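A.B. asks: One structure follows; several queries about it will come next.
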Amino acid sequence: MTETVTAPDLADRDRALALTPVSRETLARLDRFIALLLETQSHTNLIGAGTIPELWTRHVADSLQLLDLAPDAKVWLDLGSGAGFPGLVIACALADRPATAVHLVESTGKKSAFLRGVAETLALPATVHHTRAERFSPGFKPEVITARAVAPLAKLFGYVAPLLKSGAKALLPKGQDVEAELTEAAKYWKIEADLVASRTNPAGRIVVVRALAPRQPVTDRHSGKRP
């Protein structure tokens, strides 16, 4: 069934681009990506309908701001990519940089098909892996791991920790509950991380994780729970 999808606010697009400026080439790719997203949204739910009027600041700029925290990174891994935030946005921004590779992990079939279709249509340096984040074992060394709206930090750290051992760092956008999530996660994890203020959400923070170690043996390393 086809549904009418509200268009993004053009003023919101301007605000987003003021917060996170991009090249003309990148903007052309982002505009095409958003057009494909809205076209698909009319029959397949990819993002919350209520976020569409602020799609550019809430999703696009929120993703683009991560690039400044790893300006030289070329190999990115995005866990739980959903509709492509931040993975496809990062791929759009880095498409003209040689040797760039953005890997997107998404377990929902319709969403992974959408991601693959956008990557192919826009010729992005993106590879889509249709699997669950906790089951993904990369055959490459990511420089940066991202995960947006995937799980609470106590659980998310279980997905991220094995990937940090090769020298990667994790950029994990979080909302107003970030302090409470870190307090809970610290019960189970020794955490080396910094908090960076979000440009798009006054209450938000980006958790920049350098290293993680479990505080005690965990039966299920992905659960973040005590045995």
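In the structure tokens, chains take letters A, B, ... by order of appearance, with residues numbered from 1 within each chain and ligands from 1 in the order shown.
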Identify, on the basis of only C-alpha atoms, every residue whose closest approach to stretch 50-58 of chain A does not exceed 9 Å; exclude the query and any residue fewer than 5 positions from it along the same chain; express the result as a PyMOL selection string.
C.D. replies: chain A and resi 5-10+12-17+19+34+38+63+200-201
A.B. asks: Would you output that residue set with N, CA and C atoms, as a PDB file, in the first residue's frame?
C.D. replies:
```pdb
ATOM      1  N   VAL A   5       3.992  10.634   1.782  1.00  0.00           N
ATOM      2  CA  VAL A   5       5.105  10.923   2.676  1.00  0.00           C
ATOM      3  C   VAL A   5       5.335  12.421   2.711  1.00  0.00           C
ATOM      4  N   THR A   6       5.374  12.991   3.900  1.00  0.00           N
ATOM      5  CA  THR A   6       5.645  14.405   4.067  1.00  0.00           C
ATOM      6  C   THR A   6       7.051  14.723   3.585  1.00  0.00           C
ATOM      7  N   ALA A   7       7.190  15.822   2.867  1.00  0.00           N
ATOM      8  CA  ALA A   7       8.506  16.213   2.363  1.00  0.00           C
ATOM      9  C   ALA A   7       9.314  16.869   3.464  1.00  0.00           C
ATOM     10  N   PRO A   8      10.636  16.742   3.414  1.00  0.00           N
ATOM     11  CA  PRO A   8      11.483  17.434   4.392  1.00  0.00           C
ATOM     12  C   PRO A   8      11.335  18.945   4.245  1.00  0.00           C
ATOM     13  N   ASP A   9      11.594  19.667   5.312  1.00  0.00           N
ATOM     14  CA  ASP A   9      11.546  21.116   5.316  1.00  0.00           C
ATOM     15  C   ASP A   9      12.821  21.645   4.650  1.00  0.00           C
ATOM     16  N   LEU A  10      12.688  22.485   3.612  1.00  0.00           N
ATOM     17  CA  LEU A  10      13.861  23.019   2.924  1.00  0.00           C
ATOM     18  C   LEU A  10      14.701  23.883   3.850  1.00  0.00           C
ATOM     19  N   ASP A  12      15.130  23.275   6.942  1.00  0.00           N
ATOM     20  CA  ASP A  12      15.887  22.317   7.740  1.00  0.00           C
ATOM     21  C   ASP A  12      17.123  21.834   6.974  1.00  0.00           C
ATOM     22  N   ARG A  13      16.963  21.660   5.661  1.00  0.00           N
ATOM     23  CA  ARG A  13      18.118  21.284   4.835  1.00  0.00           C
ATOM     24  C   ARG A  13      19.194  22.360   4.918  1.00  0.00           C
ATOM     25  N   ASP A  14      18.784  23.622   4.843  1.00  0.00           N
ATOM     26  CA  ASP A  14      19.744  24.723   4.933  1.00  0.00           C
ATOM     27  C   ASP A  14      20.441  24.745   6.291  1.00  0.00           C
ATOM     28  N   ARG A  15      19.682  24.500   7.341  1.00  0.00           N
ATOM     29  CA  ARG A  15      20.278  24.474   8.684  1.00  0.00           C
ATOM     30  C   ARG A  15      21.302  23.351   8.800  1.00  0.00           C
ATOM     31  N   ALA A  16      20.948  22.196   8.262  1.00  0.00           N
ATOM     32  CA  ALA A  16      21.846  21.045   8.330  1.00  0.00           C
ATOM     33  C   ALA A  16      23.154  21.324   7.599  1.00  0.00           C
ATOM     34  N   LEU A  17      23.055  21.927   6.425  1.00  0.00           N
ATOM     35  CA  LEU A  17      24.253  22.198   5.635  1.00  0.00           C
ATOM     36  C   LEU A  17      25.100  23.298   6.258  1.00  0.00           C
ATOM     37  N   LEU A  19      25.423  23.559   9.510  1.00  0.00           N
ATOM     38  CA  LEU A  19      26.080  22.846  10.614  1.00  0.00           C
ATOM     39  C   LEU A  19      27.204  21.951  10.110  1.00  0.00           C
ATOM     40  N   ILE A  34      18.427  10.994  -0.403  1.00  0.00           N
ATOM     41  CA  ILE A  34      17.200  11.350   0.319  1.00  0.00           C
ATOM     42  C   ILE A  34      15.982  11.157  -0.570  1.00  0.00           C
ATOM     43  N   LEU A  38      12.871   8.703   0.455  1.00  0.00           N
ATOM     44  CA  LEU A  38      11.472   9.121   0.547  1.00  0.00           C
ATOM     45  C   LEU A  38      10.587   8.330  -0.414  1.00  0.00           C
ATOM     46  N   SER A  63      24.732  12.494  11.089  1.00  0.00           N
ATOM     47  CA  SER A  63      25.687  11.510  10.574  1.00  0.00           C
ATOM     48  C   SER A  63      26.975  12.182  10.103  1.00  0.00           C
ATOM     49  N   THR A 200      23.966  18.697  16.487  1.00  0.00           N
ATOM     50  CA  THR A 200      22.569  18.690  16.038  1.00  0.00           C
ATOM     51  C   THR A 200      21.563  18.512  17.164  1.00  0.00           C
ATOM     52  N   ASN A 201      22.025  18.103  18.322  1.00  0.00           N
ATOM     53  CA  ASN A 201      21.130  17.850  19.458  1.00  0.00           C
ATOM     54  C   ASN A 201      21.783  18.392  20.719  1.00  0.00           C
TER      55      ASN A 201
END
```
A.B. asks: Just asking: which residues within stretch 42-217 of chain A are strand (DSSP E) according to DSSP, as a PyMOL selection string?
C.D. replies: chain A and resi 75-79+101-106+126-130+144-147+169-174+189-197+205-214
A.B. asks: Output the selection as a PDB file, in the first residue's frame - C-alpha atoms for each residue.
C.D. replies:
```
ATOM      1  CA  VAL A  75      37.660   2.059   6.289  1.00  0.00           C
ATOM      2  CA  TRP A  76      34.389   2.475   8.202  1.00  0.00           C
ATOM      3  CA  LEU A  77      32.065  -0.124   9.693  1.00  0.00           C
ATOM      4  CA  ASP A  78      28.472   0.855  10.518  1.00  0.00           C
ATOM      5  CA  LEU A  79      26.555  -1.568  12.745  1.00  0.00           C
ATOM      6  CA  ALA A 101      35.393   1.469   2.027  1.00  0.00           C
ATOM      7  CA  VAL A 102      32.222   1.767   4.103  1.00  0.00           C
ATOM      8  CA  HIS A 103      30.711  -1.487   5.377  1.00  0.00           C
ATOM      9  CA  LEU A 104      27.075  -1.469   6.459  1.00  0.00           C
ATOM     10  CA  VAL A 105      25.656  -4.235   8.647  1.00  0.00           C
ATOM     11  CA  GLU A 106      21.861  -4.553   8.662  1.00  0.00           C
ATOM     12  CA  ALA A 126      29.739   0.829   0.288  1.00  0.00           C
ATOM     13  CA  THR A 127      29.301  -2.888   0.938  1.00  0.00           C
ATOM     14  CA  VAL A 128      26.131  -4.150   2.620  1.00  0.00           C
ATOM     15  CA  HIS A 129      26.259  -7.174   4.936  1.00  0.00           C
ATOM     16  CA  HIS A 130      22.832  -8.699   5.606  1.00  0.00           C
ATOM     17  CA  VAL A 144      36.151   3.458  12.687  1.00  0.00           C
ATOM     18  CA  ILE A 145      33.047   1.688  13.982  1.00  0.00           C
ATOM     19  CA  THR A 146      29.742   3.541  14.129  1.00  0.00           C
ATOM     20  CA  ALA A 147      26.377   2.532  15.556  1.00  0.00           C
ATOM     21  CA  LYS A 169      37.839   3.508  17.532  1.00  0.00           C
ATOM     22  CA  ALA A 170      34.067   3.670  17.914  1.00  0.00           C
ATOM     23  CA  LEU A 171      31.879   6.729  17.373  1.00  0.00           C
ATOM     24  CA  LEU A 172      28.523   6.138  19.054  1.00  0.00           C
ATOM     25  CA  PRO A 173      25.941   8.954  18.942  1.00  0.00           C
ATOM     26  CA  LYS A 174      23.682   9.028  21.987  1.00  0.00           C
ATOM     27  CA  TRP A 189      33.038  -2.727  31.182  1.00  0.00           C
ATOM     28  CA  LYS A 190      36.277  -0.855  31.742  1.00  0.00           C
ATOM     29  CA  ILE A 191      35.836   2.022  29.355  1.00  0.00           C
ATOM     30  CA  GLU A 192      38.356   4.366  27.752  1.00  0.00           C
ATOM     31  CA  ALA A 193      36.195   6.978  26.101  1.00  0.00           C
ATOM     32  CA  ASP A 194      35.477  10.675  25.657  1.00  0.00           C
ATOM     33  CA  LEU A 195      32.191  12.508  25.246  1.00  0.00           C
ATOM     34  CA  VAL A 196      31.873  15.017  22.404  1.00  0.00           C
ATOM     35  CA  ALA A 197      28.954  17.429  22.213  1.00  0.00           C
ATOM     36  CA  ARG A 205      26.737  13.390  22.940  1.00  0.00           C
ATOM     37  CA  ILE A 206      28.981  11.257  20.771  1.00  0.00           C
ATOM     38  CA  VAL A 207      30.753   8.574  22.774  1.00  0.00           C
ATOM     39  CA  VAL A 208      34.248   8.202  21.323  1.00  0.00           C
ATOM     40  CA  VAL A 209      35.489   4.827  22.522  1.00  0.00           C
ATOM     41  CA  ARG A 210      39.185   3.928  22.335  1.00  0.00           C
ATOM     42  CA  ALA A 211      39.237   0.693  24.340  1.00  0.00           C
ATOM     43  CA  LEU A 212      36.931  -1.686  26.214  1.00  0.00           C
ATOM     44  CA  ALA A 213      37.559  -4.602  28.538  1.00  0.00           C
ATOM     45  CA  PRO A 214      35.014  -6.699  30.471  1.00  0.00           C
TER      46      PRO A 214
END
```
A.B. asks: Could you give me, as an MDAnalysis selection string, the residues within 12 Å of A:Pro98, counting only C-alpha atoms and dropping anything in the same chain fewer than 2 positions from it?
C.D. replies: chainID A and resid 72:75 91 94:96 100:101 124:125
A.B. asks: Those residues with N, CA and C atoms, as a tab-separated table (two decimals), in the first residue's frame please?
C.D. replies:
```tsv
chain	number	residue	atom	x	y	z
A	72	ASP	N	40.80	11.30	8.79
A	72	ASP	CA	41.69	10.58	7.88
A	72	ASP	C	41.28	9.13	7.65
A	73	ALA	N	40.25	8.68	8.32
A	73	ALA	CA	39.84	7.27	8.22
A	73	ALA	C	39.26	6.97	6.85
A	74	LYS	N	39.60	5.81	6.35
A	74	LYS	CA	39.10	5.38	5.05
A	74	LYS	C	38.22	4.13	5.13
A	75	VAL	N	38.43	3.30	6.16
A	75	VAL	CA	37.66	2.06	6.29
A	75	VAL	C	36.71	2.19	7.48
A	91	ALA	N	29.38	7.31	3.29
A	91	ALA	CA	29.80	6.85	1.96
A	91	ALA	C	29.59	7.95	0.92
A	94	LEU	N	32.45	10.44	1.36
A	94	LEU	CA	33.81	9.95	1.09
A	94	LEU	C	33.95	9.30	-0.28
A	95	ALA	N	32.93	9.39	-1.11
A	95	ALA	CA	32.93	8.67	-2.39
A	95	ALA	C	34.06	9.08	-3.32
A	96	ASP	N	34.54	10.32	-3.18
A	96	ASP	CA	35.61	10.79	-4.05
A	96	ASP	C	37.00	10.57	-3.46
A	100	THR	N	38.56	4.40	-0.16
A	100	THR	CA	37.53	4.41	0.88
A	100	THR	C	36.67	3.15	0.80
A	101	ALA	N	36.31	2.61	1.96
A	101	ALA	CA	35.39	1.47	2.03
A	101	ALA	C	34.49	1.65	3.24
A	124	LEU	N	28.40	4.21	-4.78
A	124	LEU	CA	29.09	4.54	-3.52
A	124	LEU	C	30.09	3.45	-3.14
A	125	PRO	N	31.12	3.80	-2.40
A	125	PRO	CA	32.10	2.81	-1.94
A	125	PRO	C	31.57	2.08	-0.70
```
A.B. asks: Smallest atom-to-atom distance to A:Arg199: which of A:Leu30, A:Leu163, A:Leu66, A:Leu46, using only C-alpha atoms?
C.D. replies: A:Leu66
A.B. asks: Among stretch 5-227 of chain A, which residues carry a DSSP assignment of alpha helix (DSSP H), reported as a PyMOL selection string?
C.D. replies: chain A and resi 10-19+24-41+55+62-64+87-94+109-121+153-164+178-185
A.B. asks: Using only C-alpha atoms, find the one residue out of A:Tyr159, A:Asp31, A:Lys111, A:Glu39 that sits nearest to A:Pro138.
C.D. replies: A:Tyr159
A.B. asks: Work out how far apart atom CA of A:Ala123 and atom CA of A:Lys110 are and give it in Å to one decimal.
C.D. replies: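 So the two atoms, atom CA of A:Ala123 and atom CA of A:Lys110, lie 19.7 Å apart.
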A.B. asks: Between atom CA of A:Pro162 and atom CA of A:Leu88, what is the distance in Å, rounded to a tenth?
C.D. replies: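 Spanning atom CA of A:Pro162 to atom CA of A:Leu88 is a straight-line distance of 23.4 Å.
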A.B. asks: At what distance in Å, to one decimal, does atom CA of A:Leu122 lie from atom CA of A:Arg32?
C.D. replies: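 These atoms are spaced 7.9 Å apart.
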A.B. asks: Could you check which of A:Ala49, A:Pro202, A:Gln41, A:Gln65 is closest to A:Ala18, using only C-alpha atoms?
C.D. replies: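 That would be A:Gln65, the residue with the smallest distance to A:Ala18.
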